[in-house]
file upload.tsv (TSV, C-alpha atoms)
chain	number	residue	atom	x	y	z
A	187	MET	CA	24.38	-3.77	-163.37
A	188	PRO	CA	25.45	-3.93	-159.73
A	189	GLU	CA	22.73	-4.25	-157.12
A	190	VAL	CA	22.55	-1.45	-154.63
A	191	ALA	CA	21.25	-2.47	-151.25
A	192	PRO	CA	19.34	0.27	-149.52
A	193	GLN	CA	21.18	1.52	-146.50
A	194	ILE	CA	19.14	1.35	-143.31
A	195	ASP	CA	20.33	3.29	-140.33
A	196	ARG	CA	20.16	1.38	-137.05
A	197	TYR	CA	19.72	3.16	-133.77
A	198	SER	CA	20.00	1.57	-130.39
A	199	THR	CA	19.44	2.45	-126.77
A	200	VAL	CA	19.27	0.63	-123.46
A	201	ILE	CA	16.46	1.13	-120.97
A	202	ALA	CA	17.61	-0.06	-117.56
A	203	ILE	CA	14.98	-0.32	-114.84
A	204	GLY	CA	16.09	-1.95	-111.63
A	205	ALA	CA	18.47	-4.75	-112.45
A	206	VAL	CA	16.86	-5.41	-115.83
A	207	ALA	CA	18.49	-3.68	-118.80
A	208	ILE	CA	16.81	-4.01	-122.20
A	209	ARG	CA	18.34	-2.89	-125.48
A	210	LEU	CA	15.94	-1.62	-128.13
A	211	ASN	CA	17.05	-1.43	-131.76
A	212	THR	CA	15.14	0.67	-134.27
A	213	SER	CA	15.67	2.15	-137.70
A	214	ASP	CA	13.64	5.23	-136.84
A	215	SER	CA	15.50	8.15	-135.29
A	216	ASP	CA	12.24	9.84	-134.27
A	217	PHE	CA	11.22	6.73	-132.32
A	218	LEU	CA	14.64	6.69	-130.67
A	219	GLU	CA	14.08	10.27	-129.60
A	220	LEU	CA	10.64	9.33	-128.30
A	221	LEU	CA	12.26	6.60	-126.18
A	222	HIS	CA	14.86	8.99	-124.83
A	223	GLN	CA	12.17	11.47	-123.79
A	224	ARG	CA	9.79	8.87	-122.38
A	225	TYR	CA	12.45	7.08	-120.33
A	226	ALA	CA	14.67	10.02	-119.43
A	227	GLY	CA	16.93	9.04	-116.58
A	228	TYR	CA	16.65	5.34	-117.44
A	229	VAL	CA	18.32	5.28	-120.88
A	230	SER	CA	21.90	4.73	-121.84
A	231	ALA	CA	23.25	3.81	-125.26
A	232	GLU	CA	26.38	2.38	-123.69
A	233	ALA	CA	24.95	0.22	-120.93
A	234	GLN	CA	25.26	-3.57	-121.05
A	235	ALA	CA	21.87	-5.12	-121.73
A	236	GLU	CA	20.56	-8.51	-120.62
A	237	PHE	CA	17.89	-8.56	-123.31
A	238	GLU	CA	17.69	-7.14	-126.80
A	239	PHE	CA	14.65	-6.37	-128.95
A	240	ASP	CA	14.41	-5.32	-132.58
A	241	VAL	CA	11.54	-2.88	-132.90
A	242	ASP	CA	9.68	-3.03	-136.19
A	243	LEU	CA	7.55	0.07	-136.58
A	244	VAL	CA	4.32	-0.20	-138.54
A	245	PRO	CA	1.54	2.30	-139.31
A	246	PRO	CA	-0.94	2.89	-136.49
A	247	THR	CA	-3.94	0.59	-136.33
A	248	PHE	CA	-7.39	1.24	-134.97
A	249	CYS	CA	-6.59	-0.96	-131.99
A	250	GLY	CA	-5.71	0.99	-128.89
A	251	PRO	CA	-4.09	-0.08	-125.63
A	252	ASP	CA	-7.42	-1.27	-124.22
A	253	GLY	CA	-7.49	-4.41	-126.36
A	254	ASP	CA	-7.31	-7.90	-124.91
A	255	LEU	CA	-3.81	-8.91	-123.91
A	256	SER	CA	-2.45	-12.38	-124.41
A	257	VAL	CA	0.90	-13.54	-123.01
A	258	THR	CA	1.63	-17.14	-123.94
A	259	LEU	CA	4.62	-19.43	-124.09
A	260	ARG	CA	4.90	-21.18	-127.46
A	261	SER	CA	7.76	-23.52	-128.23
A	262	GLY	CA	10.03	-21.78	-125.78
A	263	ARG	CA	9.19	-18.26	-126.97
A	264	TRP	CA	6.99	-15.81	-125.18
A	265	VAL	CA	4.40	-14.22	-127.44
A	266	LEU	CA	2.88	-10.95	-126.25
A	267	ASP	CA	-0.14	-9.91	-128.22
A	268	ARG	CA	-2.44	-6.94	-127.85
A	269	GLY	CA	-4.30	-5.07	-130.55
A	270	ASP	CA	-1.65	-2.36	-130.73
A	271	PHE	CA	1.47	-4.55	-130.57
A	272	ARG	CA	2.87	-8.02	-131.00
A	273	ALA	CA	6.15	-9.00	-129.41
A	274	GLU	CA	8.13	-12.20	-129.12
A	275	LEU	CA	10.86	-13.04	-126.66
A	276	ASP	CA	13.22	-15.96	-126.38
A	277	LEU	CA	13.89	-15.64	-122.67
A	278	ALA	CA	16.79	-18.09	-122.74
A	279	GLY	CA	18.32	-16.54	-125.86
A	280	ARG	CA	17.65	-13.08	-124.44
A	281	HIS	CA	16.47	-11.77	-127.78
A	282	GLY	CA	13.12	-10.70	-129.12
A	283	SER	CA	11.16	-8.56	-131.51
A	284	ILE	CA	8.44	-5.95	-131.16
A	285	ARG	CA	6.02	-4.90	-133.86
A	286	GLN	CA	4.12	-1.73	-133.06
A	287	SER	CA	3.34	1.76	-134.28
A	288	PRO	CA	5.60	4.58	-133.09
A	289	ASN	CA	3.87	5.38	-129.80
A	290	PRO	CA	5.03	5.26	-126.17
A	291	TYR	CA	2.10	3.23	-124.81
A	292	SER	CA	2.79	-0.01	-126.66
A	293	ILE	CA	6.49	-0.11	-125.80
A	294	ASP	CA	5.62	0.73	-122.21
A	295	ALA	CA	3.28	-2.27	-122.01
A	296	VAL	CA	5.88	-4.57	-123.57
A	297	LEU	CA	8.54	-3.43	-121.11
A	298	ARG	CA	6.24	-3.99	-118.14
A	299	ILE	CA	5.35	-7.50	-119.29
A	300	VAL	CA	8.96	-8.42	-119.98
A	301	HIS	CA	9.93	-7.18	-116.54
A	302	THR	CA	7.28	-9.36	-114.90
A	303	LEU	CA	8.51	-12.41	-116.80
A	304	VAL	CA	12.15	-11.78	-115.95
A	305	LEU	CA	11.51	-10.90	-112.30
A	306	ALA	CA	9.17	-13.84	-111.62
A	307	LYS	CA	11.86	-16.50	-111.62
A	308	GLN	CA	14.16	-14.27	-109.59
A	309	GLY	CA	11.59	-13.88	-106.82
A	310	GLY	CA	10.88	-10.25	-107.69
A	311	PHE	CA	7.85	-8.52	-109.15
A	312	LEU	CA	6.22	-5.35	-110.36
A	313	LEU	CA	3.62	-4.04	-107.95
A	314	HIS	CA	0.75	-1.61	-108.33
A	315	SER	CA	2.16	0.67	-105.68
A	316	ALA	CA	3.73	4.00	-105.08
A	317	SER	CA	7.12	3.78	-103.43
A	318	ALA	CA	9.51	6.18	-101.81
A	319	ILE	CA	12.79	6.19	-99.93
A	320	ARG	CA	13.02	7.79	-96.55
A	321	ASN	CA	15.96	7.57	-94.15
A	322	GLY	CA	17.64	5.07	-96.46
A	323	LYS	CA	14.69	2.67	-96.49
A	324	ALA	CA	12.08	2.06	-99.15
A	325	PHE	CA	8.36	1.98	-98.38
A	326	LEU	CA	5.73	0.58	-100.73
A	327	PHE	CA	2.13	1.83	-100.82
A	328	ALA	CA	-0.01	-0.66	-102.71
A	329	GLY	CA	-3.54	-0.30	-103.91
A	330	VAL	CA	-5.80	-0.44	-106.89
A	331	SER	CA	-6.61	2.64	-108.90
A	332	GLY	CA	-8.19	5.21	-106.60
A	333	ALA	CA	-6.72	3.74	-103.41
A	334	GLY	CA	-4.43	6.73	-102.93
A	335	LYS	CA	-1.08	5.94	-104.56
A	336	THR	CA	-0.89	9.28	-106.30
A	337	THR	CA	-2.23	11.12	-103.29
A	338	ILE	CA	0.32	9.71	-100.90
A	339	SER	CA	3.03	10.46	-103.45
A	340	ARG	CA	1.90	14.08	-103.67
A	341	LEU	CA	1.94	14.34	-99.88
A	342	ALA	CA	5.50	13.01	-99.57
A	343	PRO	CA	7.79	15.30	-97.56
A	344	LYS	CA	10.87	16.90	-99.09
A	345	ASP	CA	13.20	14.40	-97.49
A	346	ALA	CA	11.48	11.51	-99.28
A	347	THR	CA	12.70	10.33	-102.68
A	348	LEU	CA	9.85	9.22	-104.90
A	349	LEU	CA	10.56	5.97	-106.76
A	350	THR	CA	7.18	5.84	-108.51
A	351	ASP	CA	3.58	6.87	-107.99
A	352	GLU	CA	2.21	3.87	-109.88
A	353	ILE	CA	4.31	0.73	-110.40
A	354	SER	CA	7.14	-0.37	-108.14
A	355	HIS	CA	9.97	-2.65	-109.17
A	356	VAL	CA	10.92	-5.07	-106.38
A	357	SER	CA	13.95	-7.34	-106.65
A	358	LYS	CA	14.90	-10.15	-104.30
A	359	ARG	CA	18.32	-10.16	-102.72
A	360	ASP	CA	19.99	-12.65	-100.39
A	361	ASN	CA	19.29	-10.43	-97.40
A	362	GLY	CA	15.85	-9.09	-98.33
A	363	TYR	CA	14.20	-7.02	-101.04
A	364	VAL	CA	15.19	-3.86	-102.88
A	365	ALA	CA	12.79	-1.35	-104.44
A	366	PHE	CA	13.95	0.50	-107.54
A	367	GLY	CA	12.69	3.66	-109.17
A	368	THR	CA	10.67	3.20	-112.34
A	369	PRO	CA	9.58	5.40	-115.23
A	370	PHE	CA	6.09	3.88	-115.02
A	371	THR	CA	3.95	6.80	-113.97
A	372	GLY	CA	0.41	7.28	-112.79
A	373	GLU	CA	-1.61	10.45	-112.48
A	374	LEU	CA	1.42	12.32	-111.21
A	375	ALA	CA	3.00	11.88	-114.67
A	376	LYS	CA	6.41	12.28	-113.10
A	377	LEU	CA	9.14	9.70	-113.56
A	378	GLY	CA	10.48	8.17	-110.38
A	379	GLN	CA	14.06	8.75	-109.32
A	380	ASN	CA	16.39	6.12	-110.74
A	381	THR	CA	17.71	4.90	-107.43
A	382	SER	CA	17.02	2.12	-104.95
A	383	ALA	CA	16.86	1.12	-101.30
A	384	PRO	CA	16.08	-1.94	-99.19
A	385	VAL	CA	12.35	-2.45	-98.66
A	386	ALA	CA	11.38	-1.77	-95.04
A	387	ALA	CA	7.60	-2.22	-95.26
A	388	LEU	CA	4.62	-2.66	-97.52
A	389	TYR	CA	1.48	-0.68	-96.75
A	390	LEU	CA	-1.88	-1.75	-98.16
A	391	LEU	CA	-3.66	1.54	-98.74
A	392	ALA	CA	-7.14	2.43	-97.58
A	393	GLN	CA	-8.70	5.82	-97.19
A	394	GLY	CA	-10.56	6.65	-93.98
A	395	PRO	CA	-11.36	9.29	-91.39
A	396	ALA	CA	-7.99	9.17	-89.62
A	397	ASN	CA	-4.37	8.22	-90.19
A	398	ARG	CA	-3.79	4.77	-88.80
A	399	ILE	CA	-1.40	1.87	-89.27
A	400	GLU	CA	-2.66	-1.62	-88.40
A	401	PRO	CA	-0.99	-5.00	-88.65
A	402	VAL	CA	-2.54	-7.52	-91.02
A	403	SER	CA	-2.52	-11.30	-90.80
A	404	ALA	CA	-0.02	-13.19	-92.90
A	405	SER	CA	-2.73	-14.51	-95.17
A	406	ASP	CA	-4.28	-11.05	-95.60
A	407	ALA	CA	-0.80	-9.76	-96.43
A	408	GLY	CA	-0.38	-12.46	-99.06
A	409	ARG	CA	-3.80	-11.78	-100.53
A	410	GLY	CA	-3.21	-8.02	-100.52
A	411	LEU	CA	0.13	-8.41	-102.22
A	412	LEU	CA	-1.10	-10.84	-104.85
A	413	ALA	CA	-4.06	-8.60	-105.62
A	414	ASN	CA	-1.67	-5.81	-106.56
A	415	MET	CA	1.08	-7.72	-108.32
A	416	LEU	CA	1.34	-7.37	-112.06
A	417	PHE	CA	1.47	-10.62	-113.91
A	418	PHE	CA	0.09	-11.41	-117.27
A	419	ALA	CA	1.24	-14.90	-118.19
A	420	GLN	CA	-1.20	-17.67	-117.39
A	421	ASP	CA	1.11	-20.65	-117.76
A	422	GLN	CA	1.32	-22.88	-114.71
A	423	GLU	CA	5.02	-22.48	-114.05
A	424	THR	CA	4.95	-18.68	-114.11
A	425	VAL	CA	1.89	-18.56	-111.86
A	426	ARG	CA	3.74	-20.79	-109.39
A	427	TRP	CA	6.78	-18.52	-109.45
A	428	VAL	CA	4.62	-15.44	-108.88
A	429	PHE	CA	2.78	-17.13	-106.02
A	430	LYS	CA	6.06	-18.19	-104.44
A	431	ALA	CA	7.50	-14.68	-104.83
A	432	ALA	CA	4.49	-13.19	-103.02
A	433	CYS	CA	4.60	-15.71	-100.18
A	434	ASP	CA	8.35	-15.33	-99.72
A	435	PHE	CA	7.97	-11.55	-99.61
A	436	VAL	CA	5.32	-11.54	-96.86
A	437	ASP	CA	7.44	-14.01	-94.92
A	438	ARG	CA	10.25	-11.47	-94.73
A	439	VAL	CA	8.83	-7.96	-95.07
A	440	PRO	CA	6.37	-6.37	-92.62
A	441	VAL	CA	2.99	-5.66	-94.20
A	442	TYR	CA	0.49	-3.22	-92.72
A	443	LYS	CA	-2.83	-1.65	-93.57
A	444	LEU	CA	-2.41	2.10	-93.85
A	445	THR	CA	-5.63	4.08	-93.54
A	446	PHE	CA	-5.14	7.73	-94.25
A	447	VAL	CA	-6.86	11.02	-94.86
A	448	PRO	CA	-5.46	13.17	-97.67
A	449	ASP	CA	-3.20	15.03	-95.29
A	450	ALA	CA	0.61	15.28	-95.16
A	451	ARG	CA	0.59	14.20	-91.51
A	452	VAL	CA	0.25	10.61	-92.67
A	453	TRP	CA	3.97	10.73	-93.44
A	454	GLU	CA	4.67	11.24	-89.72
A	455	LEU	CA	3.81	7.55	-89.40
A	456	ILE	CA	6.21	6.46	-92.15
A	457	GLY	CA	9.94	5.93	-91.92
B	247	MET	CA	-22.40	-48.47	-95.65
B	248	ASN	CA	-20.08	-45.51	-95.97
B	249	LYS	CA	-17.51	-45.74	-98.72
B	250	LYS	CA	-13.93	-44.77	-97.99
B	251	MET	CA	-12.86	-41.40	-99.23
B	252	TYR	CA	-9.21	-40.77	-100.06
B	253	LEU	CA	-7.93	-37.24	-100.60
B	254	ALA	CA	-4.89	-36.00	-102.51
B	255	ARG	CA	-3.66	-32.54	-103.34
B	256	ASN	CA	-4.22	-31.42	-106.88
B	257	PRO	CA	-0.70	-31.09	-108.33
B	258	ARG	CA	-1.78	-28.05	-110.34
B	259	ILE	CA	-2.26	-26.08	-107.14
B	260	ALA	CA	0.33	-23.89	-105.46
B	261	ALA	CA	-0.12	-23.53	-101.72
B	262	ARG	CA	1.59	-21.88	-98.78
B	263	ARG	CA	0.71	-21.89	-95.10
B	264	LEU	CA	0.59	-18.30	-93.87
B	265	GLY	CA	-0.27	-18.02	-90.20
B	266	GLU	CA	-3.39	-20.03	-89.33
B	267	GLU	CA	-4.58	-20.17	-92.92
B	268	THR	CA	-3.30	-21.54	-96.18
B	269	LEU	CA	-3.24	-19.54	-99.38
B	270	VAL	CA	-3.95	-21.64	-102.42
B	271	MET	CA	-3.62	-20.57	-106.01
B	272	ALA	CA	-4.83	-22.51	-109.00
B	273	ALA	CA	-2.17	-22.28	-111.67
B	274	GLN	CA	-4.89	-22.37	-114.27
B	275	GLY	CA	-6.70	-19.06	-114.14
B	276	SER	CA	-4.69	-17.75	-111.18
B	277	THR	CA	-7.68	-18.13	-108.89
B	278	LEU	CA	-6.79	-17.48	-105.26
B	279	PHE	CA	-8.40	-19.29	-102.33
B	280	THR	CA	-7.88	-19.09	-98.61
B	281	LEU	CA	-8.20	-22.30	-96.62
B	282	ASN	CA	-9.37	-21.93	-93.02
B	283	ALA	CA	-7.92	-24.00	-90.21
B	284	THR	CA	-10.06	-27.09	-90.96
B	285	ALA	CA	-9.46	-26.95	-94.69
B	286	THR	CA	-5.76	-26.50	-93.98
B	287	ILE	CA	-5.79	-29.73	-91.99
B	288	LEU	CA	-7.43	-31.56	-94.88
B	289	TRP	CA	-4.94	-30.08	-97.35
B	290	GLN	CA	-1.94	-31.03	-95.27
B	291	ALA	CA	-3.18	-34.54	-94.56
B	292	ALA	CA	-4.31	-35.25	-98.12
B	293	ASP	CA	-1.56	-37.71	-98.97
B	294	GLY	CA	-3.69	-39.97	-101.15
B	295	VAL	CA	-3.43	-42.98	-98.82
B	296	THR	CA	-5.07	-41.75	-95.63
B	297	THR	CA	-8.86	-41.90	-95.58
B	298	LEU	CA	-10.99	-38.95	-94.63
B	299	ASP	CA	-12.24	-40.85	-91.57
B	300	GLU	CA	-8.66	-41.31	-90.39
B	301	ILE	CA	-7.85	-37.64	-90.97
B	302	VAL	CA	-10.88	-36.61	-88.96
B	303	GLU	CA	-10.06	-39.02	-86.16
B	304	ARG	CA	-6.37	-38.11	-85.97
B	305	HIS	CA	-6.38	-34.39	-86.66
B	306	ILE	CA	-9.80	-32.76	-86.56
B	307	CYS	CA	-11.49	-34.29	-83.52
B	308	PRO	CA	-8.57	-33.66	-81.16
B	309	GLU	CA	-8.10	-30.14	-82.50
B	310	PHE	CA	-11.71	-28.98	-82.37
B	311	ASP	CA	-13.26	-31.16	-79.63
B	312	VAL	CA	-16.11	-32.30	-81.85
B	313	LYS	CA	-18.03	-35.61	-82.08
B	314	PRO	CA	-16.68	-37.92	-84.80
B	315	GLU	CA	-20.01	-38.38	-86.62
B	316	GLU	CA	-20.57	-34.65	-86.86
B	317	ALA	CA	-16.94	-33.97	-87.78
B	318	ILE	CA	-16.96	-36.59	-90.54
B	319	ARG	CA	-20.17	-35.17	-92.03
B	320	ASP	CA	-18.74	-31.64	-92.07
B	321	ALA	CA	-15.36	-32.83	-93.35
B	322	GLU	CA	-17.00	-34.69	-96.24
B	323	ALA	CA	-18.87	-31.57	-97.26
B	324	LEU	CA	-15.70	-29.53	-97.02
B	325	ALA	CA	-13.66	-32.07	-98.98
B	326	GLU	CA	-16.24	-32.12	-101.74
B	327	ASP	CA	-16.24	-28.33	-101.83
B	328	LEU	CA	-12.43	-28.35	-102.17
B	329	TYR	CA	-12.78	-30.96	-104.90
B	330	ARG	CA	-15.30	-28.81	-106.79
B	331	HIS	CA	-12.79	-25.94	-106.72
B	332	GLY	CA	-10.07	-28.19	-108.07
B	333	ILE	CA	-7.99	-28.02	-104.90
B	334	LEU	CA	-8.27	-31.66	-103.82
B	335	VAL	CA	-8.59	-34.91	-105.73
B	336	ILE	CA	-11.06	-37.41	-104.25
B	337	SER	CA	-11.23	-41.14	-104.84
B	338	GLU	CA	-12.74	-44.26	-103.28
B	339	LYS	CA	-9.36	-45.94	-103.69
B	340	PRO	CA	-5.89	-44.82	-102.60
B	341	ILE	CA	-4.50	-42.18	-104.92
B	342	THR	CA	-0.96	-42.89	-106.01
B	343	SER	CA	-0.75	-41.43	-109.48
B	344	THR	CA	-0.58	-37.66	-109.01
B	345	LYS	CA	2.88	-37.64	-110.53
B	346	SER	CA	3.92	-34.02	-110.23
B	347	PRO	CA	3.89	-33.04	-106.57
B	348	ALA	CA	1.93	-30.05	-105.45
B	349	LEU	CA	4.04	-26.97	-104.86
B	350	GLU	CA	3.80	-26.86	-101.11
B	351	HIS	CA	5.74	-24.34	-99.13
B	352	ALA	CA	4.46	-25.11	-95.66
B	353	ARG	CA	6.65	-23.59	-93.04

call {"tool": "encode", "arguments": {"input": "upload.tsv", "output": "structure tokens"}}
result
Amino acid sequence: MPEVAPQIDRYSTVIAIGAVAIRLNTSDSDFLELLHQRYAGYVSAEAQAEFEFDVDLVPPTFCGPDGDLSVTLRSGRWVLDRGDFRAELDLAGRHGSIRQSPNPYSIDAVLRIVHTLVLAKQGGFLLHSASAIRNGKAFLFAGVSGAGKTTISRLAPKDATLLTDEISHVSKRDNGYVAFGTPFTGELAKLGQNTSAPVAALYLLAQGPANRIEPVSASDAGRGLLANMLFFAQDQETVRWVFKAACDFVDRVPVYKLTFVPDARVWELIG
Amino acid sequence: MNKKMYLARNPRIAARRLGEETLVMAAQGSTLFTLNATATILWQAADGVTTLDEIVERHICPEFDVKPEEAIRDAEALAEDLYRHGILVISEKPITSTKSPALEHAR
């Protein structure tokens, strides 16, 4: 009696954020649709991808996205482990796997971590910051939760293009840095525009009684930047790359403290 | 009699001079420190073969117009503090075996 192998449909899409394009393969058409909705504007089935992941969907667990995260390098493979997902990536081989339930939060976390790993060696980074383009230049507004990233995004004038209200993607180029739009959203829950511009300035956000821009010392700039950079891996080499990326950035890009009241006039100081 | 104190940079530390200060990050644990002007001098001069007394005499006294005895006492306390944070290595003999060089990006 001939064996009949079960036919498994394979679906594939590419999520391209900044200069990092990641192909995700799944056998679940509903999950593919979820990806297309979640990353609208950043997906393309045809795009060339630098990295490829096979997504293995499993039933939901009781572990949510608040579990402890571990990102470790084991025998040349990155292992990303949180209660709600486990992923592996061979950075050199550009291939990996993700095991998670069909939800958007786990894949979002994996994508963010992979971006930080890829960007680190290139001198780029993900930053807890809103960012927007005005007059052809990108401006970053960094701060912890509650510092005003969403507020300053809401106050942006019509001639500003919002790249993100939560997590900026910054890539290093020979002549400076470029900020890209990201689908990583904060309270605004609105995907950034998938476009880019050279970074003109980084503002460290603070809220106060008046709108004011002040210079900061180089070391304060470095500290402020590092405090807002996303990085998860604790291995020595990656930490060194992240540290170098931050120091190189503040060497080349003006960094200021931006104190503002929740008032659209703050944008008169920007751009 | 005072023993000689040799200082070397911990090779597991990443450091960069930014303005008057030096940012230092421990690769293990990603702990960030800021070295003030005096600590920056110690960090930069900590080559493993120069004694603390020589560093004070050559770099700290001329820079800060301070008496050598007082400067050496303060520098010892500072060096030990940097040692406790894993930033410097301290020895009574010259230090020649920190094989992997510290990641220094001094401008």

call {"tool": "residues_around", "arguments": {"input": "upload.tsv", "residues": "A:Thr336", "least_positions_apart": "4", "cutoff": "7 Å", "atoms": "all atoms listed in the file", "output": "number ranges by chain"}}
result
A: 340, 351, 372-374

call {"tool": "closest_atom_pairs", "arguments": {"input": "upload.tsv", "of": "chain B", "to": "chain A", "cutoff": "12 Å", "atoms": "all atoms listed in the file", "output": "tab-separated table"}}
result
residue	atom	partner	partner_atom	distance
B:Pro257	CA	A:Gln422	CA	10.6
B:Arg258	CA	A:Gln422	CA	7.4
B:Ile259	CA	A:Arg426	CA	8.3
B:Ala260	CA	A:Arg426	CA	6.1
B:Ala261	CA	A:Phe429	CA	8.2
B:Arg262	CA	A:Cys433	CA	7.0
B:Arg263	CA	A:Ser405	CA	8.1
B:Leu264	CA	A:Ser405	CA	5.2
B:Gly265	CA	A:Ala404	CA	5.5
B:Glu266	CA	A:Ser405	CA	8.1
B:Glu267	CA	A:Ser405	CA	6.4
B:Thr268	CA	A:Ser405	CA	7.1
B:Leu269	CA	A:Ser405	CA	6.6
B:Val270	CA	A:Phe429	CA	8.9
B:Met271	CA	A:Phe429	CA	7.3
B:Ala272	CA	A:Val425	CA	8.3
B:Ala273	CA	A:Gln422	CA	4.7
B:Gln274	CA	A:Gln422	CA	6.2
B:Gly275	CA	A:Gln420	CA	6.5
B:Ser276	CA	A:Val425	CA	6.7
B:Thr277	CA	A:Val425	CA	10.0
B:Leu278	CA	A:Arg409	CA	8.0
B:Phe279	CA	A:Arg409	CA	9.0
B:Thr280	CA	A:Ser405	CA	7.7
B:Leu281	CA	A:Ser405	CA	9.6
B:Asn282	CA	A:Ser405	CA	10.2
B:Ala283	CA	A:Ser405	CA	11.9
B:Ala348	CA	A:Arg426	CA	10.2
B:Leu349	CA	A:Arg426	CA	7.7
B:Glu350	CA	A:Lys430	CA	9.6
B:His351	CA	A:Lys430	CA	8.1
B:Ala352	CA	A:Cys433	CA	10.4
B:Arg353	CA	A:Asp437	CA	9.8

call {"tool": "residues_near_point", "arguments": {"input": "upload.tsv", "point": "(8.0, 9.2, -111.7)", "cutoff": "8 Å", "atoms": "all atoms listed in the file", "output": "PDB file with C-alpha atoms, in the frame of the given file"}}
result
ATOM      1  CA  LEU A 348       9.850   9.220-104.900  1.00  0.00           C
ATOM      2  CA  LEU A 349      10.560   5.970-106.760  1.00  0.00           C
ATOM      3  CA  THR A 350       7.180   5.840-108.510  1.00  0.00           C
ATOM      4  CA  ASP A 351       3.580   6.870-107.990  1.00  0.00           C
ATOM      5  CA  GLY A 367      12.690   3.660-109.170  1.00  0.00           C
ATOM      6  CA  THR A 368      10.670   3.200-112.340  1.00  0.00           C
ATOM      7  CA  PRO A 369       9.580   5.400-115.230  1.00  0.00           C
ATOM      8  CA  PHE A 370       6.090   3.880-115.020  1.00  0.00           C
ATOM      9  CA  THR A 371       3.950   6.800-113.970  1.00  0.00           C
ATOM     10  CA  GLY A 372       0.410   7.280-112.790  1.00  0.00           C
ATOM     11  CA  LEU A 374       1.420  12.320-111.210  1.00  0.00           C
ATOM     12  CA  ALA A 375       3.000  11.880-114.670  1.00  0.00           C
ATOM     13  CA  LYS A 376       6.410  12.280-113.100  1.00  0.00           C
ATOM     14  CA  LEU A 377       9.140   9.700-113.560  1.00  0.00           C
ATOM     15  CA  GLY A 378      10.480   8.170-110.380  1.00  0.00           C
ATOM     16  CA  GLN A 379      14.060   8.750-109.320  1.00  0.00           C
TER      17      GLN A 379
END

call {"tool": "residues_around", "arguments": {"input": "upload.tsv", "residues": "A:Pro401", "least_positions_apart": "3", "cutoff": "12 Å", "atoms": "all atoms listed in the file", "output": "list in words"}}
result
Ala387, Leu388, Tyr389, Leu390, Arg398, Ala404, Ser405, Asp406, Ala407, Pro440, Val441, Tyr442, Lys443, Leu444 and Thr445 of chain A

call {"tool": "atom_distance", "arguments": {"input": "upload.tsv", "atom1": "atom CA of A:Ala392", "atom2": "atom CA of A:Gly310"}}
result
24.2 Å

call {"tool": "residues_near_point", "arguments": {"input": "upload.tsv", "point": "(-4.4, 12.3, -101.8)", "cutoff": "12 Å", "atoms": "only C-alpha atoms", "output": "list in words"}}
result
Gly332, Ala333, Gly334, Lys335, Thr336, Thr337, Ile338, Ser339, Arg340, Leu341, Ala342, Asp351, Glu373, Leu374, Leu391, Ala392, Gln393, Gly394, Thr445, Phe446, Val447, Pro448, Asp449, Ala450, Arg451, Val452 and Trp453 of chain A

call {"tool": "closest_atom_pairs", "arguments": {"input": "upload.tsv", "of": "stretch 245-356 of chain A", "to": "stretch 205-208 of chain A", "cutoff": "9 Å", "atoms": "all atoms listed in the file", "output": "tab-separated table"}}
result
residue	atom	partner	partner_atom	distance
A:Leu297	CA	A:Ile208	CA	8.4
A:His301	CA	A:Val206	CA	7.2
A:Val304	CA	A:Val206	CA	7.9
A:Leu305	CA	A:Val206	CA	8.4

call {"tool": "residues_around", "arguments": {"input": "upload.tsv", "residues": "B:Lys250", "least_positions_apart": "5", "cutoff": "9 Å", "atoms": "all atoms listed in the file", "output": "mmCIF file with C-alpha atoms, keeping the file's coordinate frame"}}
result
data_model
loop_
_atom_site.group_PDB
_atom_site.id
_atom_site.type_symbol
_atom_site.label_atom_id
_atom_site.label_comp_id
_atom_site.auth_asym_id
_atom_site.auth_seq_id
_atom_site.Cartn_x
_atom_site.Cartn_y
_atom_site.Cartn_z
ATOM 1 C CA THR B 297 -8.860 -41.900 -95.580
ATOM 2 C CA LEU B 298 -10.990 -38.950 -94.630
ATOM 3 C CA ASP B 299 -12.240 -40.850 -91.570
ATOM 4 C CA SER B 337 -11.230 -41.140 -104.840
ATOM 5 C CA GLU B 338 -12.740 -44.260 -103.280
ATOM 6 C CA LYS B 339 -9.360 -45.940 -103.690
#

call {"tool": "closest_residue", "arguments": {"input": "upload.tsv", "among": "A:Phe239, A:Trp264, A:Tyr225, A:Phe217", "to": "A:Ile299", "atoms": "all atoms listed in the file"}}
result
A:Trp264

call {"tool": "atom_distance", "arguments": {"input": "upload.tsv", "atom1": "atom CA of A:Ser354", "atom2": "atom CA of A:Ser317"}}
result
6.3 Å

call {"tool": "closest_residue", "arguments": {"input": "upload.tsv", "among": "A:Tyr197, A:Gly262, A:Leu218, A:Ala316", "to": "A:Ile293", "atoms": "only C-alpha atoms"}}
result
A:Leu218
